[in-house]
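Novice: Shown below is the structure under consideration.
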Amino acid sequence: MSAKASFLAIHQSLRKCFQLIEEQQQTWTITLPECSPLIGSLSNLADQLQACEKVSFENTPLSRHPDLQPRLRYKLISAMTVILEKLALKMKDLQRVQDSISHHIRTVFQVYEQQADAVGIQACLEGSAVHPSISDMLEWIQDIENHYRYEYLRRKLLLEVREGNLSVIKELLQSWQMIAEQAQPDPVSDILLKVSFFREAK
């Protein structure tokens, strides 16, 4: 393959990757906010369950219903289980975003490794008004991959809680919001803007 053909092959691979990243970014942006209401409901249920376990019905009119407390406890635990299952589905959606981006980025680097000798180092370092250099774009897609991996893993680890740990579950929403506040600057939109002319060029 000629140097020009190798150069175009790398560019084509990068264009496909940036297109995929943009699509997956939309999925991430839609899915992530859907988690917060679920986590808020889970925290509220944990608070109710903790209160239910602390209250004694023995000296109240409710003592005439001895099965009320265990029935209430069962209902609350069942509701929490349903929400945890919904959250697990949302996290799978986020994981698919991260996995899909990582897969396509690996593909780009495979193409680059196959064509690098034919293209040459100097050509990979040169950019133009239409397209950034190949070396810059390779660095940028790595930044994007690291961003999604980091943000996904932080949330995944936070949600690895057990139903019995009510104190932790009660604080989940606060911890989730803290992650959002401490999130690193999102490089995706900025990078997609930098490659907008490159993606349109043929």
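Chain labels follow the order of the structure tokens: the first chain is A, the next B, and so on; residue numbering restarts at 1 in every chain, and ligands are counted from 1 in their shown order.
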Determine, using only C-alpha atoms, which residues of stretch 107-193 of chain A have any atom at most 12 Å from an atom of stretch 91-101 of chain A, and tabulate each with its shortest atom pair and distance in Å to one decimal place, rows ordered by chain and then rising number, as a tab-separated table.

Specialist:
```
residue	atom	partner	partner_atom	distance
A:Thr107	CA	A:Ile101	CA	9.9
A:Val108	CA	A:Ile101	CA	10.7
A:Ile141	CA	A:Ile101	CA	9.0
A:Gln142	CA	A:Ile101	CA	9.9
A:Asp143	CA	A:Ile101	CA	11.3
A:Ile144	CA	A:Ile101	CA	8.4
A:Glu145	CA	A:Ile101	CA	6.6
A:Asn146	CA	A:Gln98	CA	9.3
A:His147	CA	A:Gln98	CA	9.2
A:Tyr148	CA	A:Gln98	CA	5.7
A:Arg149	CA	A:Gln98	CA	6.1
A:Tyr150	CA	A:Gln98	CA	9.6
A:Glu151	CA	A:Gln98	CA	9.4
A:Tyr152	CA	A:Leu94	CA	6.9
A:Leu153	CA	A:Gln95	CA	8.9
A:Arg154	CA	A:Met91	CA	11.4
A:Arg155	CA	A:Met91	CA	8.4
A:Lys156	CA	A:Met91	CA	7.2
A:Leu157	CA	A:Met91	CA	10.8
A:Leu158	CA	A:Met91	CA	11.3
A:Leu159	CA	A:Met91	CA	9.2
A:Glu160	CA	A:Met91	CA	11.1
A:Val188	CA	A:Ile101	CA	11.6
```

Novice: Could you pull out the residues in chain A that DSSP calls helix (DSSP H, G or I) from the backbone, as number ranges by chain?

Specialist: A: 3-54, 61-64, 68-119, 121-125, 134-158, 166-170, 172-182, 188-194, 196-200

Novice: Give me the residues near A:Leu84 as a list in words, where near means some atom within 9 Å (using only C-alpha atoms) and where sequence neighbours in that chain fewer than 5 positions away do not count.

Specialist: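 The residues satisfying every condition are Leu38, Ile39, Leu42, Ala79, Leu89, Leu159 and Glu163 of chain A.
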
Novice: For atom CA of A:Leu192 and atom CA of A:Asp117, determine how far apart the two atoms are, in Å to one decimal place.

Specialist: 27.3 Å

Novice: Show me a table, sorted first by chain and then by increasing residue number, of the residues of stretch 5-78 of chain A having an atom at most 10 Å from stretch 175-187 of chain A, each with its shortest atom pair and the distance in Å to one decimal, counting only C-alpha atoms and written as a tab-separated table.

Specialist:
```
residue	atom	partner	partner_atom	distance
A:Cys35	CA	A:Trp176	CA	9.3
A:Ser36	CA	A:Trp176	CA	7.7
A:Ile39	CA	A:Trp176	CA	8.1
A:Gly40	CA	A:Trp176	CA	9.6
```

Novice: Could you jot down the atom CA of A:Gln122 to atom CA of A:Phe7 separation for me, Å, one decimal place?

Specialist: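 Taking atom CA of A:Gln122 and atom CA of A:Phe7, their separation equals 11.7 Å.
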
Novice: Would you write out, as CSV, a table of all residues in stretch 62-150 of chain A that have an atom no more than 10 Å from an atom of stretch 46-50 of chain A, listing for each the closest atom pair and the distance in Å to one decimal, considering only C-alpha atoms and ordering rows by chain and rising residue number?

Specialist:
```
residue,atom,partner,partner_atom,distance
A:Leu72,CA,A:Leu49,CA,8.4
A:Arg73,CA,A:Leu49,CA,6.3
A:Tyr74,CA,A:Leu49,CA,9.3
A:Lys75,CA,A:Leu49,CA,9.4
A:Leu76,CA,A:Leu49,CA,6.3
A:Ile77,CA,A:Leu49,CA,7.6
A:Ala79,CA,A:Ala46,CA,9.9
A:Met80,CA,A:Ala46,CA,7.7
```

Novice: Mind writing the picked residues with N, CA, C and O atoms as a compact mmCIF listing (two decimals), in the first residue's frame?

Specialist:
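That gives us result18.txt:
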```
# COMPACT_ATOMS: atom_id res chain seq x y z
N LEU A 72 -44.40 -4.69 56.13
CA LEU A 72 -43.90 -3.39 55.68
C LEU A 72 -42.43 -3.49 55.29
O LEU A 72 -42.01 -2.93 54.27
N ARG A 73 -41.69 -4.21 56.12
CA ARG A 73 -40.27 -4.39 55.84
C ARG A 73 -40.07 -5.12 54.50
O ARG A 73 -39.23 -4.74 53.68
N TYR A 74 -40.85 -6.15 54.28
CA TYR A 74 -40.76 -6.93 53.04
C TYR A 74 -41.09 -6.05 51.83
O TYR A 74 -40.43 -6.10 50.79
N LYS A 75 -42.12 -5.21 51.98
CA LYS A 75 -42.53 -4.33 50.89
C LYS A 75 -41.43 -3.34 50.55
O LYS A 75 -41.14 -3.09 49.36
N LEU A 76 -40.80 -2.77 51.56
CA LEU A 76 -39.73 -1.81 51.33
C LEU A 76 -38.51 -2.46 50.68
O LEU A 76 -37.91 -1.91 49.75
N ILE A 77 -38.14 -3.64 51.16
CA ILE A 77 -36.99 -4.35 50.59
C ILE A 77 -37.27 -4.73 49.13
O ILE A 77 -36.39 -4.62 48.27
N ALA A 79 -39.23 -3.15 47.04
CA ALA A 79 -39.15 -1.93 46.24
C ALA A 79 -37.70 -1.54 46.00
O ALA A 79 -37.34 -1.11 44.88
N MET A 80 -36.85 -1.71 46.99
CA MET A 80 -35.43 -1.40 46.82
C MET A 80 -34.79 -2.33 45.80
O MET A 80 -33.96 -1.90 44.99
```

Novice: What is the distance, in Å and to one decimal place, between atom CA of A:Val130 and atom CA of A:His11?

Specialist: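 Atom-to-atom, atom CA of A:Val130 to atom CA of A:His11, that is 12.0 Å.
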
Novice: Quick one: residues within 9 Å of A:Lys4, only C-alpha atoms counted, chain neighbours fewer than 4 positions away excluded, as a list in words?

Specialist: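 Contacts, in chain order: Leu8, Ala9, Ala118 and Val119 of chain A.
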
Novice: Nearest to A:Ser189: which of A:Ile121, A:Ala129, A:Ile83, A:Ile21 is it, counting only C-alpha atoms?

Specialist: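 Of A:Ile121, A:Ala129, A:Ile83, A:Ile21, the one nearest A:Ser189 is A:Ile21, counting only C-alpha atoms.
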
Novice: Fewer than 2 positions away in the same chain doesn't count, so skip those; otherwise give me all residues within 9 Å of A:Lys170, counting only C-alpha atoms, as a ChimeraX atom specification.

Specialist: /A:40,42-47,165-168,172-174

Novice: Residues as selected, N, CA and C atoms, written as a PDB file, in the first residue's frame, can you do that?

Specialist:
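Saved to part_32.pdb:
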```
ATOM      1  N   GLY A  40     -32.223   8.546  44.212  1.00  0.00           N
ATOM      2  CA  GLY A  40     -32.977   9.289  45.221  1.00  0.00           C
ATOM      3  C   GLY A  40     -34.080   8.451  45.835  1.00  0.00           C
ATOM      4  N   LEU A  42     -34.130   5.192  45.982  1.00  0.00           N
ATOM      5  CA  LEU A  42     -33.477   4.137  46.758  1.00  0.00           C
ATOM      6  C   LEU A  42     -33.068   4.661  48.129  1.00  0.00           C
ATOM      7  N   SER A  43     -32.528   5.861  48.171  1.00  0.00           N
ATOM      8  CA  SER A  43     -32.129   6.462  49.443  1.00  0.00           C
ATOM      9  C   SER A  43     -33.333   6.687  50.358  1.00  0.00           C
ATOM     10  N   ASN A  44     -34.435   7.135  49.782  1.00  0.00           N
ATOM     11  CA  ASN A  44     -35.651   7.347  50.570  1.00  0.00           C
ATOM     12  C   ASN A  44     -36.195   6.037  51.141  1.00  0.00           C
ATOM     13  N   LEU A  45     -36.176   4.999  50.339  1.00  0.00           N
ATOM     14  CA  LEU A  45     -36.648   3.695  50.809  1.00  0.00           C
ATOM     15  C   LEU A  45     -35.759   3.156  51.925  1.00  0.00           C
ATOM     16  N   ALA A  46     -34.442   3.369  51.788  1.00  0.00           N
ATOM     17  CA  ALA A  46     -33.522   2.931  52.842  1.00  0.00           C
ATOM     18  C   ALA A  46     -33.804   3.668  54.140  1.00  0.00           C
ATOM     19  N   ASP A  47     -34.126   4.943  54.034  1.00  0.00           N
ATOM     20  CA  ASP A  47     -34.463   5.742  55.214  1.00  0.00           C
ATOM     21  C   ASP A  47     -35.733   5.208  55.873  1.00  0.00           C
ATOM     22  N   ASN A 165     -26.955  -2.715  53.959  1.00  0.00           N
ATOM     23  CA  ASN A 165     -26.152  -1.574  54.416  1.00  0.00           C
ATOM     24  C   ASN A 165     -26.955  -0.294  54.237  1.00  0.00           C
ATOM     25  N   LEU A 166     -27.924  -0.101  55.107  1.00  0.00           N
ATOM     26  CA  LEU A 166     -28.866   1.010  54.938  1.00  0.00           C
ATOM     27  C   LEU A 166     -28.211   2.370  55.095  1.00  0.00           C
ATOM     28  N   SER A 167     -27.257   2.478  56.003  1.00  0.00           N
ATOM     29  CA  SER A 167     -26.604   3.775  56.219  1.00  0.00           C
ATOM     30  C   SER A 167     -25.897   4.252  54.957  1.00  0.00           C
ATOM     31  N   VAL A 168     -25.248   3.331  54.260  1.00  0.00           N
ATOM     32  CA  VAL A 168     -24.554   3.683  53.022  1.00  0.00           C
ATOM     33  C   VAL A 168     -25.561   4.035  51.930  1.00  0.00           C
ATOM     34  N   LEU A 172     -26.357   7.502  49.303  1.00  0.00           N
ATOM     35  CA  LEU A 172     -25.978   7.274  47.915  1.00  0.00           C
ATOM     36  C   LEU A 172     -26.193   8.497  47.031  1.00  0.00           C
ATOM     37  N   LEU A 173     -27.346   9.131  47.169  1.00  0.00           N
ATOM     38  CA  LEU A 173     -27.642  10.265  46.302  1.00  0.00           C
ATOM     39  C   LEU A 173     -26.622  11.384  46.507  1.00  0.00           C
ATOM     40  N   GLN A 174     -26.301  11.651  47.755  1.00  0.00           N
ATOM     41  CA  GLN A 174     -25.314  12.685  48.055  1.00  0.00           C
ATOM     42  C   GLN A 174     -23.954  12.318  47.451  1.00  0.00           C
TER      43      GLN A 174
END
```
